[in-house]
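Peer 1: Quick one, run22.txt (compact mmCIF, N, CA and C atoms):
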```
# COMPACT_ATOMS: atom_id res chain seq x y z
N MET A 1414 4.31 15.98 -5.72
CA MET A 1414 4.08 15.36 -4.43
C MET A 1414 2.88 14.41 -4.54
N GLN A 1415 3.03 13.23 -4.01
CA GLN A 1415 1.97 12.25 -4.06
C GLN A 1415 0.95 12.52 -2.97
N ASN A 1416 -0.32 12.38 -3.30
CA ASN A 1416 -1.38 12.57 -2.32
C ASN A 1416 -1.37 11.44 -1.32
N SER A 1417 -1.86 11.72 -0.14
CA SER A 1417 -1.96 10.73 0.91
C SER A 1417 -3.43 10.54 1.25
N ILE A 1418 -3.81 9.34 1.62
CA ILE A 1418 -5.21 9.11 2.01
C ILE A 1418 -5.54 9.81 3.32
N PHE A 1419 -4.51 10.22 4.09
CA PHE A 1419 -4.74 10.92 5.35
C PHE A 1419 -4.64 12.43 5.20
N GLY A 1420 -4.26 12.92 4.01
CA GLY A 1420 -4.07 14.35 3.78
C GLY A 1420 -2.59 14.64 3.59
N ILE A 1421 -2.29 15.87 3.17
CA ILE A 1421 -0.89 16.22 2.90
C ILE A 1421 -0.41 17.41 3.72
N GLU A 1422 -1.29 18.05 4.45
CA GLU A 1422 -0.89 19.22 5.22
C GLU A 1422 -0.35 18.81 6.59
N ALA A 1423 0.19 19.76 7.32
CA ALA A 1423 0.77 19.50 8.65
C ALA A 1423 -0.33 19.17 9.66
N PRO A 1424 0.04 18.52 10.76
CA PRO A 1424 -0.95 18.21 11.82
C PRO A 1424 -1.40 19.47 12.57
N GLN A 1425 -2.43 19.29 13.36
CA GLN A 1425 -2.92 20.34 14.24
C GLN A 1425 -3.67 19.70 15.39
N PHE A 1426 -3.89 20.48 16.45
CA PHE A 1426 -4.78 20.02 17.51
C PHE A 1426 -5.65 21.17 17.97
N GLU A 1427 -6.74 20.82 18.63
CA GLU A 1427 -7.67 21.82 19.15
C GLU A 1427 -7.79 21.62 20.64
N ALA A 1428 -7.62 22.71 21.38
CA ALA A 1428 -7.76 22.71 22.83
C ALA A 1428 -8.42 24.01 23.25
N ASP A 1429 -9.40 23.92 24.11
CA ASP A 1429 -10.11 25.12 24.59
C ASP A 1429 -10.60 25.98 23.43
N SER A 1430 -11.11 25.34 22.38
CA SER A 1430 -11.64 26.01 21.18
C SER A 1430 -10.58 26.78 20.41
N GLU A 1431 -9.32 26.55 20.68
CA GLU A 1431 -8.21 27.16 19.95
C GLU A 1431 -7.57 26.10 19.05
N ILE A 1432 -7.33 26.46 17.79
CA ILE A 1432 -6.63 25.57 16.87
C ILE A 1432 -5.13 25.88 16.96
N ILE A 1433 -4.35 24.87 17.25
CA ILE A 1433 -2.90 25.02 17.36
C ILE A 1433 -2.28 24.30 16.17
N LEU A 1434 -1.62 25.05 15.31
CA LEU A 1434 -1.00 24.49 14.11
C LEU A 1434 0.37 23.92 14.47
N LEU A 1435 0.65 22.74 13.95
CA LEU A 1435 1.91 22.07 14.21
C LEU A 1435 2.73 22.04 12.92
N ASP A 1436 3.24 23.20 12.55
CA ASP A 1436 4.06 23.31 11.34
C ASP A 1436 5.48 22.88 11.65
N HIS A 1437 6.28 22.70 10.60
CA HIS A 1437 7.70 22.34 10.74
C HIS A 1437 7.88 21.08 11.58
N VAL A 1438 7.07 20.07 11.27
CA VAL A 1438 7.17 18.80 12.01
C VAL A 1438 7.42 17.64 11.06
N VAL A 1439 7.98 16.60 11.63
CA VAL A 1439 8.11 15.31 10.97
C VAL A 1439 7.32 14.34 11.84
N ILE A 1440 6.43 13.58 11.20
CA ILE A 1440 5.69 12.57 11.95
C ILE A 1440 6.62 11.38 12.13
N GLU A 1441 7.07 11.18 13.36
CA GLU A 1441 7.99 10.07 13.64
C GLU A 1441 7.26 8.74 13.69
N ARG A 1442 6.18 8.72 14.44
CA ARG A 1442 5.40 7.49 14.55
C ARG A 1442 3.93 7.85 14.56
N ALA A 1443 3.21 7.35 13.59
CA ALA A 1443 1.78 7.61 13.53
C ALA A 1443 0.99 6.31 13.61
N ASN A 1444 1.67 5.21 13.75
CA ASN A 1444 0.95 3.94 13.82
C ASN A 1444 1.39 3.14 15.04
N ASP A 1445 1.83 3.84 16.04
CA ASP A 1445 2.33 3.18 17.24
C ASP A 1445 1.14 2.88 18.16
N SER A 1446 0.29 1.98 17.71
CA SER A 1446 -0.89 1.65 18.50
C SER A 1446 -0.50 0.68 19.60
N PHE A 1447 -1.22 0.75 20.68
CA PHE A 1447 -0.99 -0.21 21.73
C PHE A 1447 -2.31 -0.91 22.03
N TYR A 1448 -2.26 -2.20 22.08
CA TYR A 1448 -3.44 -3.04 22.15
C TYR A 1448 -3.70 -3.44 23.59
N TYR A 1449 -4.90 -3.21 24.03
CA TYR A 1449 -5.24 -3.56 25.40
C TYR A 1449 -5.76 -4.99 25.55
N GLY A 1450 -5.88 -5.69 24.44
CA GLY A 1450 -6.29 -7.09 24.51
C GLY A 1450 -7.79 -7.26 24.49
N ASP A 1451 -8.18 -8.46 24.78
CA ASP A 1451 -9.58 -8.84 24.78
C ASP A 1451 -10.04 -9.14 26.20
N ILE A 1452 -11.33 -8.97 26.40
CA ILE A 1452 -11.96 -9.50 27.61
C ILE A 1452 -12.50 -10.86 27.22
N ILE A 1453 -12.13 -11.86 27.95
CA ILE A 1453 -12.54 -13.23 27.62
C ILE A 1453 -13.54 -13.69 28.68
N HIS A 1454 -14.72 -14.11 28.19
CA HIS A 1454 -15.75 -14.67 29.06
C HIS A 1454 -15.89 -16.15 28.72
N GLU A 1455 -15.58 -16.99 29.68
CA GLU A 1455 -15.66 -18.44 29.44
C GLU A 1455 -16.68 -19.03 30.40
N SER A 1456 -17.64 -19.75 29.82
CA SER A 1456 -18.69 -20.39 30.61
C SER A 1456 -18.11 -21.56 31.40
N VAL A 1457 -18.45 -21.62 32.67
CA VAL A 1457 -18.00 -22.75 33.49
C VAL A 1457 -18.86 -23.99 33.24
N PHE A 1458 -20.01 -23.80 32.60
CA PHE A 1458 -20.91 -24.93 32.36
C PHE A 1458 -20.57 -25.66 31.07
N ASN A 1459 -20.49 -24.94 29.96
CA ASN A 1459 -20.28 -25.60 28.67
C ASN A 1459 -18.97 -25.20 27.99
N ARG A 1460 -18.12 -24.44 28.67
CA ARG A 1460 -16.82 -24.01 28.17
C ARG A 1460 -16.90 -23.10 26.94
N TYR A 1461 -18.08 -22.55 26.68
CA TYR A 1461 -18.28 -21.62 25.56
C TYR A 1461 -17.52 -20.32 25.87
N ILE A 1462 -16.79 -19.78 24.87
CA ILE A 1462 -15.98 -18.57 25.08
C ILE A 1462 -16.49 -17.43 24.20
N VAL A 1463 -16.57 -16.25 24.80
CA VAL A 1463 -16.92 -15.04 24.08
C VAL A 1463 -15.80 -14.04 24.30
N TRP A 1464 -15.24 -13.48 23.19
CA TRP A 1464 -14.19 -12.47 23.27
C TRP A 1464 -14.79 -11.10 23.00
N THR A 1465 -14.42 -10.14 23.77
CA THR A 1465 -14.80 -8.75 23.54
C THR A 1465 -13.53 -7.97 23.23
N ASP A 1466 -13.45 -7.48 22.01
CA ASP A 1466 -12.27 -6.74 21.56
C ASP A 1466 -12.25 -5.36 22.21
N MET A 1467 -11.17 -5.04 22.90
CA MET A 1467 -11.05 -3.75 23.58
C MET A 1467 -10.54 -2.65 22.64
N GLY A 1468 -10.07 -3.00 21.46
CA GLY A 1468 -9.63 -2.00 20.48
C GLY A 1468 -8.19 -1.57 20.67
N ASP A 1469 -7.73 -0.73 19.76
CA ASP A 1469 -6.35 -0.23 19.76
C ASP A 1469 -6.32 1.24 20.15
N HIS A 1470 -5.52 1.54 21.14
CA HIS A 1470 -5.24 2.94 21.44
C HIS A 1470 -4.12 3.38 20.51
N PHE A 1471 -3.83 4.66 20.50
CA PHE A 1471 -2.94 5.21 19.49
C PHE A 1471 -1.98 6.21 20.11
N ASN A 1472 -0.71 6.09 19.78
CA ASN A 1472 0.31 7.09 20.13
C ASN A 1472 0.68 7.82 18.85
N PHE A 1473 0.79 9.12 18.94
CA PHE A 1473 1.16 9.95 17.80
C PHE A 1473 2.37 10.76 18.22
N ARG A 1474 3.50 10.54 17.55
CA ARG A 1474 4.78 11.14 17.96
C ARG A 1474 5.31 12.03 16.84
N LEU A 1475 5.60 13.29 17.19
CA LEU A 1475 6.06 14.29 16.23
C LEU A 1475 7.40 14.86 16.65
N LEU A 1476 8.20 15.20 15.66
CA LEU A 1476 9.45 15.91 15.88
C LEU A 1476 9.25 17.31 15.31
N MET A 1477 9.27 18.32 16.17
CA MET A 1477 9.03 19.71 15.74
C MET A 1477 10.34 20.49 15.73
N TYR A 1478 10.62 21.14 14.59
CA TYR A 1478 11.82 21.96 14.44
C TYR A 1478 11.50 23.40 14.82
N LEU A 1479 11.67 23.72 16.09
CA LEU A 1479 11.37 25.08 16.56
C LEU A 1479 12.22 26.14 15.89
N PHE A 1480 13.46 25.80 15.54
CA PHE A 1480 14.36 26.79 14.95
C PHE A 1480 13.86 27.30 13.59
N LYS A 1481 12.89 26.63 12.99
CA LYS A 1481 12.34 27.09 11.71
C LYS A 1481 11.26 28.15 11.87
N TYR A 1482 10.80 28.36 13.10
CA TYR A 1482 9.79 29.40 13.36
C TYR A 1482 10.46 30.76 13.45
N ASP A 1483 9.71 31.81 13.07
CA ASP A 1483 10.23 33.17 13.20
C ASP A 1483 10.49 33.51 14.66
N ASN A 1484 9.59 33.05 15.53
CA ASN A 1484 9.75 33.29 16.96
C ASN A 1484 9.61 31.95 17.70
N PRO A 1485 10.71 31.19 17.83
CA PRO A 1485 10.65 29.87 18.46
C PRO A 1485 10.16 29.90 19.90
N GLN A 1486 10.53 30.93 20.64
CA GLN A 1486 10.12 31.01 22.05
C GLN A 1486 8.60 31.14 22.17
N GLU A 1487 8.01 31.91 21.27
CA GLU A 1487 6.55 32.10 21.27
C GLU A 1487 5.83 30.77 21.00
N LYS A 1488 6.33 30.00 20.04
CA LYS A 1488 5.71 28.70 19.73
C LYS A 1488 5.87 27.74 20.91
N TYR A 1489 7.05 27.75 21.51
CA TYR A 1489 7.31 26.90 22.68
C TYR A 1489 6.33 27.23 23.81
N ASP A 1490 6.16 28.51 24.09
CA ASP A 1490 5.25 28.96 25.15
C ASP A 1490 3.81 28.57 24.83
N GLU A 1491 3.42 28.69 23.56
CA GLU A 1491 2.07 28.31 23.16
C GLU A 1491 1.82 26.82 23.41
N LEU A 1492 2.76 25.98 23.02
CA LEU A 1492 2.62 24.55 23.24
C LEU A 1492 2.63 24.19 24.72
N LYS A 1493 3.46 24.85 25.49
CA LYS A 1493 3.58 24.57 26.92
C LYS A 1493 2.25 24.79 27.65
N LEU A 1494 1.45 25.72 27.16
CA LEU A 1494 0.13 25.97 27.76
C LEU A 1494 -0.77 24.74 27.73
N TYR A 1495 -0.62 23.92 26.70
CA TYR A 1495 -1.53 22.79 26.50
C TYR A 1495 -0.90 21.44 26.87
N HIS A 1496 0.35 21.46 27.32
CA HIS A 1496 1.03 20.22 27.72
C HIS A 1496 0.24 19.54 28.84
N ARG A 1497 0.02 18.25 28.70
CA ARG A 1497 -0.74 17.39 29.62
C ARG A 1497 -2.24 17.70 29.63
N SER A 1498 -2.72 18.31 28.54
CA SER A 1498 -4.16 18.57 28.38
C SER A 1498 -4.77 17.56 27.44
N LEU A 1499 -6.10 17.44 27.50
CA LEU A 1499 -6.82 16.63 26.52
C LEU A 1499 -7.15 17.50 25.33
N VAL A 1500 -6.84 17.00 24.13
CA VAL A 1500 -7.01 17.77 22.91
C VAL A 1500 -7.64 16.91 21.82
N LYS A 1501 -8.25 17.57 20.83
CA LYS A 1501 -8.67 16.89 19.61
C LYS A 1501 -7.50 16.98 18.64
N LEU A 1502 -7.17 15.87 17.99
CA LEU A 1502 -5.96 15.81 17.18
C LEU A 1502 -6.27 15.43 15.73
N TRP A 1503 -5.64 16.14 14.80
CA TRP A 1503 -5.69 15.84 13.38
C TRP A 1503 -4.32 15.36 12.95
N ARG A 1504 -4.26 14.22 12.30
CA ARG A 1504 -3.00 13.75 11.73
C ARG A 1504 -2.55 14.71 10.64
N ARG A 1505 -3.49 15.14 9.82
CA ARG A 1505 -3.25 16.16 8.78
C ARG A 1505 -4.42 17.12 8.83
N ARG A 1506 -4.16 18.42 8.78
CA ARG A 1506 -5.25 19.37 8.97
C ARG A 1506 -6.25 19.40 7.82
N ASP A 1507 -5.88 18.85 6.65
CA ASP A 1507 -6.86 18.74 5.57
C ASP A 1507 -7.61 17.41 5.64
N GLY A 1508 -7.36 16.62 6.66
CA GLY A 1508 -8.05 15.35 6.87
C GLY A 1508 -9.09 15.48 7.96
N GLN A 1509 -9.34 14.38 8.64
CA GLN A 1509 -10.34 14.33 9.70
C GLN A 1509 -9.65 14.16 11.05
N PRO A 1510 -10.28 14.63 12.15
CA PRO A 1510 -9.72 14.33 13.46
C PRO A 1510 -9.88 12.83 13.75
N PHE A 1511 -9.08 12.33 14.66
CA PHE A 1511 -9.19 10.92 15.02
C PHE A 1511 -10.56 10.64 15.63
N ARG A 1512 -11.14 9.50 15.23
CA ARG A 1512 -12.48 9.12 15.69
C ARG A 1512 -12.48 7.67 16.15
N ASN A 1513 -13.53 7.31 16.89
CA ASN A 1513 -13.67 5.92 17.33
C ASN A 1513 -14.67 5.18 16.43
N ASN A 1514 -14.98 3.95 16.80
CA ASN A 1514 -15.91 3.13 15.99
C ASN A 1514 -17.31 3.72 15.93
N ASN A 1515 -17.69 4.54 16.90
CA ASN A 1515 -19.02 5.17 16.93
C ASN A 1515 -19.02 6.53 16.23
N ASP A 1516 -17.93 6.85 15.52
CA ASP A 1516 -17.78 8.10 14.78
C ASP A 1516 -17.73 9.33 15.70
N GLU A 1517 -17.30 9.13 16.93
CA GLU A 1517 -17.12 10.24 17.87
C GLU A 1517 -15.64 10.64 17.86
N ILE A 1518 -15.40 11.91 18.00
CA ILE A 1518 -14.01 12.39 18.04
C ILE A 1518 -13.35 11.90 19.32
N VAL A 1519 -12.17 11.34 19.18
CA VAL A 1519 -11.42 10.80 20.31
C VAL A 1519 -10.47 11.88 20.82
N LEU A 1520 -10.45 12.05 22.12
CA LEU A 1520 -9.52 12.99 22.72
C LEU A 1520 -8.16 12.33 22.93
N PHE A 1521 -7.12 13.13 22.81
CA PHE A 1521 -5.75 12.68 23.04
C PHE A 1521 -5.18 13.50 24.19
N ARG A 1522 -4.33 12.88 24.97
CA ARG A 1522 -3.59 13.61 25.98
C ARG A 1522 -2.27 14.06 25.36
N PHE A 1523 -2.03 15.36 25.42
CA PHE A 1523 -0.74 15.90 24.97
C PHE A 1523 0.24 15.52 26.08
N ASP A 1524 0.82 14.34 25.93
CA ASP A 1524 1.48 13.65 27.03
C ASP A 1524 2.93 14.06 27.26
N GLN A 1525 3.69 14.25 26.20
CA GLN A 1525 5.11 14.55 26.36
C GLN A 1525 5.53 15.71 25.47
N MET A 1526 6.47 16.47 25.99
CA MET A 1526 7.04 17.59 25.26
C MET A 1526 8.52 17.61 25.64
N ASN A 1527 9.31 16.80 24.95
CA ASN A 1527 10.72 16.63 25.27
C ASN A 1527 11.58 17.59 24.46
N GLU A 1528 12.50 18.26 25.12
CA GLU A 1528 13.32 19.30 24.51
C GLU A 1528 14.67 18.75 24.06
N SER A 1529 15.16 19.29 22.93
CA SER A 1529 16.52 19.00 22.46
C SER A 1529 17.16 20.32 22.06
N PHE A 1530 18.44 20.44 22.34
CA PHE A 1530 19.19 21.66 22.06
C PHE A 1530 20.24 21.35 21.00
N LEU A 1531 20.16 22.05 19.86
CA LEU A 1531 21.11 21.83 18.77
C LEU A 1531 22.04 23.01 18.56
N HIS A 1532 21.46 24.21 18.45
CA HIS A 1532 22.24 25.38 18.06
C HIS A 1532 22.44 26.41 19.16
N ASN A 1533 21.62 26.39 20.18
CA ASN A 1533 21.78 27.36 21.26
C ASN A 1533 21.32 26.76 22.58
N VAL A 1534 21.55 27.46 23.66
CA VAL A 1534 21.17 26.96 24.98
C VAL A 1534 20.07 27.79 25.63
N LYS A 1535 19.61 28.83 24.95
CA LYS A 1535 18.57 29.68 25.52
C LYS A 1535 17.19 29.04 25.46
N TYR A 1536 16.90 28.38 24.37
CA TYR A 1536 15.62 27.69 24.22
C TYR A 1536 15.86 26.45 23.37
N PRO A 1537 14.99 25.46 23.48
CA PRO A 1537 15.18 24.23 22.70
C PRO A 1537 14.99 24.49 21.21
N ASP A 1538 15.77 23.81 20.40
CA ASP A 1538 15.66 23.91 18.94
C ASP A 1538 14.67 22.91 18.38
N VAL A 1539 14.57 21.76 19.04
CA VAL A 1539 13.72 20.67 18.57
C VAL A 1539 12.89 20.17 19.74
N LEU A 1540 11.62 19.86 19.46
CA LEU A 1540 10.74 19.26 20.46
C LEU A 1540 10.24 17.92 19.95
N THR A 1541 10.15 16.96 20.82
CA THR A 1541 9.46 15.71 20.52
C THR A 1541 8.13 15.77 21.24
N LEU A 1542 7.05 15.74 20.47
CA LEU A 1542 5.70 15.82 21.02
C LEU A 1542 5.04 14.46 20.92
N VAL A 1543 4.42 14.01 22.00
CA VAL A 1543 3.74 12.72 22.01
C VAL A 1543 2.31 12.92 22.49
N PHE A 1544 1.37 12.41 21.69
CA PHE A 1544 -0.05 12.45 22.02
C PHE A 1544 -0.54 11.01 22.18
N LYS A 1545 -1.33 10.73 23.23
CA LYS A 1545 -1.84 9.38 23.47
C LYS A 1545 -3.36 9.42 23.52
N SER A 1546 -3.99 8.49 22.80
CA SER A 1546 -5.45 8.49 22.71
C SER A 1546 -6.09 8.06 24.03
N GLN A 1547 -7.21 8.70 24.33
CA GLN A 1547 -7.96 8.36 25.53
C GLN A 1547 -8.81 7.12 25.30
N ASP A 1548 -9.30 6.95 24.09
CA ASP A 1548 -10.14 5.82 23.71
C ASP A 1548 -9.52 5.12 22.51
N PRO A 1549 -9.94 3.88 22.25
CA PRO A 1549 -9.50 3.23 21.00
C PRO A 1549 -9.98 4.03 19.79
N ILE A 1550 -9.20 3.99 18.71
CA ILE A 1550 -9.56 4.76 17.51
C ILE A 1550 -9.82 3.82 16.34
N ASP A 1551 -10.51 4.36 15.35
CA ASP A 1551 -10.72 3.68 14.08
C ASP A 1551 -9.98 4.49 13.02
N ILE A 1552 -8.85 4.00 12.59
CA ILE A 1552 -7.97 4.73 11.66
C ILE A 1552 -8.68 5.04 10.34
N SER A 1553 -9.62 4.20 9.92
CA SER A 1553 -10.29 4.42 8.64
C SER A 1553 -11.12 5.70 8.65
N LYS A 1554 -11.47 6.21 9.82
CA LYS A 1554 -12.28 7.43 9.90
C LYS A 1554 -11.44 8.70 9.87
N THR A 1555 -10.11 8.56 9.66
CA THR A 1555 -9.26 9.74 9.52
C THR A 1555 -8.92 10.02 8.07
N LEU A 1556 -9.48 9.26 7.16
CA LEU A 1556 -9.18 9.42 5.74
C LEU A 1556 -9.75 10.73 5.21
N VAL A 1557 -9.10 11.31 4.22
CA VAL A 1557 -9.52 12.58 3.65
C VAL A 1557 -10.94 12.51 3.10
N SER A 1558 -11.27 11.42 2.44
CA SER A 1558 -12.57 11.31 1.80
C SER A 1558 -13.68 10.90 2.77
N TYR A 1559 -13.34 10.56 4.02
CA TYR A 1559 -14.34 10.13 5.00
C TYR A 1559 -15.28 11.28 5.33
N GLY A 1560 -16.55 11.03 5.30
CA GLY A 1560 -17.53 12.01 5.69
C GLY A 1560 -17.84 13.07 4.65
N SER A 1561 -17.26 12.97 3.44
CA SER A 1561 -17.56 14.00 2.43
C SER A 1561 -18.54 13.48 1.40
```
Could you spell out this file's structure in structure tokens?
Peer 2:
Amino acid sequence: MQNSIFGIEAPQFEADSEIILLDHVVIERANDSFYYGDIIHESVFNRYIVWTDMGDHFNFRLLMYLFKYDNPQEKYDELKLYHRSLVKLWRRRDGQPFRNNNDEIVLFRFDQMNESFLHNVKYPDVLTLVFKSQDPIDISKTLVSYGS
């Protein structure tokens, strides 16, 4: 297996001082940033322009295979507790949590938890989890070697 600059282990998040492991997942989109644009200040006197970069926010989308857990209902209930909460998010648990340009940990909103049914109708077999950053992030600060 080839090493990754972001780590090789599964993602995780932290909420209320609890670490929630996100095993049996496929990262669908980890670079789905959305750009808020620039603030443009233009002088009415000399037409001088100053741009202020607002940075890139980040969407992190995972596909979780609940049917691979020993107790899928328990994992579903655990995740449901934190749905629509602000959490600290790790792309890979052996890497770093997402940070901003000031090296502060950026909170993400656990925004969506969409259910899919493949094999049974009692509980969902697959979940699509979407996390959205509260602040712009600096992707370079999530590298495995960052801060060591």
Peer 1: Just asking: which residues within region 1415-1558 of chain A are strand (DSSP E) according to DSSP, as a PyMOL selection string?
Peer 2: chain A and resi 1425-1428+1431-1434+1438-1448+1451-1455+1462-1466+1469-1478+1499-1503+1520-1529+1539-1546
Peer 1: Name all residues at most 6 Å from Leu1434 (chain A) (count only N, CA and C atoms; drop same-chain ones fewer than 5 positions away) and give them as a list of chain:residue names.
Peer 2: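 Listing them by chain and then by number gives A:Pro1424, A:Gln1425, A:Phe1426.
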Peer 1: Could the residues in this selection be written to a file with N, CA and C atoms, as a PDB file, in the coordinates of the input?
Peer 2:
```pdb
ATOM      1  N   PRO A1424       0.040  18.520  10.760  1.00  0.00           N
ATOM      2  CA  PRO A1424      -0.950  18.210  11.820  1.00  0.00           C
ATOM      3  C   PRO A1424      -1.400  19.470  12.570  1.00  0.00           C
ATOM      4  N   GLN A1425      -2.430  19.290  13.360  1.00  0.00           N
ATOM      5  CA  GLN A1425      -2.920  20.340  14.240  1.00  0.00           C
ATOM      6  C   GLN A1425      -3.670  19.700  15.390  1.00  0.00           C
ATOM      7  N   PHE A1426      -3.890  20.480  16.450  1.00  0.00           N
ATOM      8  CA  PHE A1426      -4.780  20.020  17.510  1.00  0.00           C
ATOM      9  C   PHE A1426      -5.650  21.170  17.970  1.00  0.00           C
TER      10      PHE A1426
END
```
Peer 1: Which of these residues is nearest to Val1543 (chain A), using all atoms listed in the file: A:Asp1516, A:Asp1436, A:Asp1524, A:Glu1491?
Peer 2: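 For Val1543 (chain A), the nearest of the given residues is A:Asp1524.
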Peer 1: At what distance in Å, to one decimal, does CA of Glu1487 (chain A) lie from CA of Gly1508 (chain A)?
Peer 2: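 Going from CA of Gly1508 (chain A) over to CA of Glu1487 (chain A), I get 26.5 Å.
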Peer 1: When you count only C-alpha atoms, which of these residues is closest to Glu1427 (chain A): A:Ile1552, A:Leu1494, A:Val1500, A:Val1534?
Peer 2: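 Result for the nearest residue to Glu1427 (chain A): A:Val1500.
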Peer 1: Could you tell me which of A:Ser1546, A:Glu1431, A:Pro1537, A:His1532 comes closest to Tyr1489 (chain A) if we count all atoms listed in the file?
Peer 2: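 Of A:Ser1546, A:Glu1431, A:Pro1537, A:His1532, the one nearest Tyr1489 (chain A), counting all atoms listed in the file, is A:Pro1537.
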